[in-house]
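J.: Quick one: structure below, then a few questions.
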Amino acid sequence: GRIMMHGSTLIVLAETDLLDRQIISLAAGASKIIGVDGGCAVLHRLSIRPDLILGDFDSLDHLVLQSMSESGVEVLTFPQDKDMTDGELAVLESSNRGWPYPLLTGTASSSETDHILGNIFLLTKYPDAILRTRREIIRCAGPGTLEFLQEDGISVSIIPLEPAVFKLQGFRYDGLQKVIPGDTKTLRNRLREERGILEVKLGKILTIQGKEEPHMI
């Protein structure tokens, strides 16, 4: 379906690379906001009040934590030794509370490959979740229909996680595609209409939608 930027649960991770104005805009449209560890400092600096903050808070200034706690923000503290990332804890927590569409604001440009892949593959486990970086929107889809809007970025790459069959409409390269993991022919397709439709008939895929040039952000 449509990218649920509005009405989503905004999850601000410590390593987010979003511009301040992007975070402010997403926060304005979110139904719930979760600050994750160092991400709380970003929210605090922008005077955005989250509904919940969580993490082991090892990388957060205690004054920020105190300020949020005193203003009535719910705080969930986890030990440093835990068997999932703070990002996954946040998605799980929002899911358990019935909060809609987790929207993770992370990064895809960090040098820590494990963190990047960890966040991306989180989407395969929680298919409602979306990862939003400064320049990209990353989603995972199984059989069903996804919509892409040109305003969110003209470039769309599709990466198969398993043998997949899908149909594209509104793109430069339209029609039926059959791909297996490792195929690169469906990278950097482009929207040629305001709205593109991807219908996954078989398999599971990742989609990465982005702007073509940094200055277009």
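Letters A, B, ... go to the chains of the structure tokens in the order shown; residues in each chain start at 1; ligands are counted from 1 in the same order.
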Skipping near chain neighbours, those fewer than 6 positions away, what residues fall within 9 Å of range 35-46 of chain A using only C-alpha atoms, listed as a PyMOL selection string?

T.: chain A and resi 10-16+20+23-24+52-61+64-65+67-68+86-87+90

J.: Which residues of range 60-159 of chain A have any atom within 7 Å of an atom in range 205-210 of chain A when counting only C-alpha atoms, and what is the closest pair of atoms for each, with the distance in Å to one decimal? Order the rows by chain and rising number and write it as a Markdown table.

T.:
| residue | atom | partner | partner_atom | distance |
| --- | --- | --- | --- | --- |
| A:Arg135 | CA | A:Gly210 | CA | 5.6 |
| A:Glu136 | CA | A:Gly210 | CA | 4.4 |
| A:Ile137 | CA | A:Gln209 | CA | 5.2 |
| A:Ile138 | CA | A:Ile208 | CA | 4.6 |
| A:Arg139 | CA | A:Thr207 | CA | 5.3 |
| A:Cys140 | CA | A:Leu206 | CA | 4.4 |
| A:Ala141 | CA | A:Ile205 | CA | 5.4 |
| A:Gly142 | CA | A:Ile205 | CA | 6.5 |
| A:Asp152 | CA | A:Gly210 | CA | 6.9 |
| A:Gly153 | CA | A:Gly210 | CA | 4.5 |
| A:Ile154 | CA | A:Gly210 | CA | 6.4 |
| A:Ser155 | CA | A:Gly210 | CA | 5.3 |
| A:Val156 | CA | A:Gln209 | CA | 4.4 |
| A:Ser157 | CA | A:Ile208 | CA | 5.1 |
| A:Ile158 | CA | A:Thr207 | CA | 4.6 |
| A:Ile159 | CA | A:Leu206 | CA | 5.1 |

J.: Nearest to Gly175 in chain A among A:Leu198, A:Ile48, A:Leu19, A:Leu76, with distances taken over only C-alpha atoms: which residue is it?

T.: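 With only C-alpha atoms as the atom set, the closest residue is A:Leu198.
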
J.: Among range 97-210 of chain A, which ones does DSSP assign to helix (DSSP H, G or I) (computed from the backbone)? Answer as a list in words.

T.: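 Helix (DSSP H, G or I) members of range 97-210 of chain A, listed: Thr113, Asp114, His115, Ile116, Leu117, Gly118, Asn119, Ile120, Phe121, Leu122, Leu123, Thr124, Lys125, Gln150, Glu151 and Asp152 of chain A.
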
J.: May I have the residues from that selection written out with N, CA, C and O atoms, as a tab-separated table (two decimals), in the first residue's frame?

T.:
chain	number	residue	atom	x	y	z
A	113	THR	N	28.74	-2.18	8.67
A	113	THR	CA	27.91	-3.00	7.80
A	113	THR	C	26.91	-3.84	8.59
A	113	THR	O	25.77	-4.03	8.15
A	114	ASP	N	27.33	-4.33	9.76
A	114	ASP	CA	26.41	-5.16	10.56
A	114	ASP	C	25.18	-4.36	10.99
A	114	ASP	O	24.06	-4.88	10.99
A	115	HIS	N	25.39	-3.08	11.34
A	115	HIS	CA	24.26	-2.23	11.75
A	115	HIS	C	23.32	-1.96	10.58
A	115	HIS	O	22.11	-2.01	10.71
A	116	ILE	N	23.90	-1.66	9.42
A	116	ILE	CA	23.09	-1.38	8.23
A	116	ILE	C	22.25	-2.61	7.89
A	116	ILE	O	21.02	-2.53	7.75
A	117	LEU	N	22.92	-3.77	7.78
A	117	LEU	CA	22.20	-4.99	7.40
A	117	LEU	C	21.23	-5.41	8.49
A	117	LEU	O	20.12	-5.88	8.20
A	118	GLY	N	21.62	-5.22	9.74
A	118	GLY	CA	20.71	-5.55	10.85
A	118	GLY	C	19.42	-4.77	10.75
A	118	GLY	O	18.33	-5.33	10.89
A	119	ASN	N	19.52	-3.46	10.49
A	119	ASN	CA	18.32	-2.62	10.36
A	119	ASN	C	17.51	-2.99	9.12
A	119	ASN	O	16.27	-3.03	9.16
A	120	ILE	N	18.21	-3.27	8.01
A	120	ILE	CA	17.49	-3.61	6.78
A	120	ILE	C	16.76	-4.95	6.92
A	120	ILE	O	15.59	-5.08	6.57
A	121	PHE	N	17.45	-5.95	7.48
A	121	PHE	CA	16.81	-7.26	7.61
A	121	PHE	C	15.74	-7.30	8.70
A	121	PHE	O	14.92	-8.22	8.73
A	122	LEU	N	15.75	-6.30	9.57
A	122	LEU	CA	14.65	-6.14	10.53
A	122	LEU	C	13.32	-6.03	9.78
A	122	LEU	O	12.28	-6.48	10.24
A	123	LEU	N	13.37	-5.42	8.59
A	123	LEU	CA	12.16	-5.25	7.79
A	123	LEU	C	11.59	-6.57	7.32
A	123	LEU	O	10.40	-6.69	7.07
A	124	THR	N	12.45	-7.59	7.17
A	124	THR	CA	11.95	-8.90	6.73
A	124	THR	C	11.19	-9.59	7.85
A	124	THR	O	10.30	-10.39	7.61
A	125	LYS	N	11.54	-9.24	9.08
A	125	LYS	CA	10.89	-9.84	10.25
A	125	LYS	C	9.62	-9.07	10.63
A	125	LYS	O	8.66	-9.65	11.14
A	150	GLN	N	6.43	9.53	-7.07
A	150	GLN	CA	7.61	10.21	-7.60
A	150	GLN	C	8.17	11.23	-6.61
A	150	GLN	O	9.37	11.44	-6.52
A	151	GLU	N	7.27	11.84	-5.81
A	151	GLU	CA	7.71	12.86	-4.84
A	151	GLU	C	8.64	12.26	-3.78
A	151	GLU	O	9.41	12.98	-3.15
A	152	ASP	N	8.57	10.93	-3.56
A	152	ASP	CA	9.43	10.28	-2.58
A	152	ASP	C	10.78	9.88	-3.16
A	152	ASP	O	11.66	9.41	-2.46

J.: Leaving out range 26-31 of chain A and any residue of its chain fewer than 6 positions from it, which residues lie within 7 Å of it when counting only C-alpha atoms, given as a ChimeraX atom specification?

T.: /A:5-10

J.: Residues as selected, all heavy atoms, written as a short mmCIF file (atom, residue, chain, number, x, y, z; two decimals), in the first residue's frame, can you do that?

T.:
data_model
loop_
_atom_site.label_atom_id
_atom_site.label_comp_id
_atom_site.auth_asym_id
_atom_site.auth_seq_id
_atom_site.Cartn_x
_atom_site.Cartn_y
_atom_site.Cartn_z
N MET A 5 3.75 7.50 5.86
CA MET A 5 4.56 8.47 6.59
C MET A 5 3.70 9.17 7.64
O MET A 5 4.14 9.49 8.72
CB MET A 5 5.15 9.51 5.63
CG MET A 5 6.16 8.94 4.66
SD MET A 5 7.61 8.30 5.51
CE MET A 5 8.48 7.60 4.12
N HIS A 6 2.44 9.39 7.28
CA HIS A 6 1.52 10.02 8.22
C HIS A 6 0.79 8.94 9.00
O HIS A 6 0.38 7.94 8.45
CB HIS A 6 0.53 10.92 7.49
CG HIS A 6 1.16 12.19 7.01
ND1 HIS A 6 1.26 13.30 7.81
CD2 HIS A 6 1.76 12.51 5.85
CE1 HIS A 6 1.89 14.26 7.16
NE2 HIS A 6 2.20 13.81 5.95
N GLY A 7 0.64 9.18 10.29
CA GLY A 7 -0.04 8.20 11.13
C GLY A 7 0.86 7.06 11.54
O GLY A 7 0.41 6.09 12.14
N SER A 8 2.14 7.16 11.23
CA SER A 8 3.06 6.08 11.58
C SER A 8 3.60 6.26 12.99
O SER A 8 3.37 7.29 13.64
CB SER A 8 4.22 6.06 10.58
OG SER A 8 4.91 7.28 10.65
N THR A 9 4.32 5.24 13.47
CA THR A 9 5.04 5.35 14.74
C THR A 9 6.48 5.71 14.39
O THR A 9 7.21 4.89 13.83
CB THR A 9 5.01 4.02 15.51
OG1 THR A 9 3.65 3.66 15.74
CG2 THR A 9 5.74 4.14 16.84
N LEU A 10 6.87 6.92 14.68
CA LEU A 10 8.21 7.40 14.33
C LEU A 10 9.20 6.91 15.38
O LEU A 10 9.07 7.20 16.56
CB LEU A 10 8.22 8.93 14.26
CG LEU A 10 9.56 9.58 13.92
CD1 LEU A 10 10.00 9.22 12.51
CD2 LEU A 10 9.48 11.08 14.08
#

J.: Run DSSP on the backbone of this structure and report the residues of range 40-189 of chain A it assigns to strand (DSSP E), as JSON, numbers by chain.

T.: {"A": [52, 53, 54, 55, 74, 75, 76, 77, 102, 103, 104, 105, 130, 131, 132, 136, 137, 138, 139, 140, 141, 144, 145, 146, 147, 148, 149, 155, 156, 157, 158, 159, 160, 164, 165, 166, 167, 168, 169, 175, 176, 177, 178, 179, 189]}

J.: With only C-alpha atoms as the atoms that count, which of A:Asp81, A:Glu162, A:Glu194, A:Glu74 lies nearest to Gly182 in chain A?

T.: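 So, comparing all the options, the nearest one is A:Glu162.
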
J.: Work out how far apart CA of Tyr126 in chain A and CA of Glu88 in chain A are and give it in Å to one decimal.

T.: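 Distance reported for this atom pair: 9.2 Å.
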
J.: To one decimal place in Å, what is the distance between CA of Gly72 in chain A and CA of Asp51 in chain A?

T.: 8.9 Å

J.: For the atom pair CA of Ser47 in chain A and CA of Ser111 in chain A, what is the interatomic distance in Å to one decimal place?

T.: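 CA of Ser111 in chain A lies 29.1 Å from CA of Ser47 in chain A.
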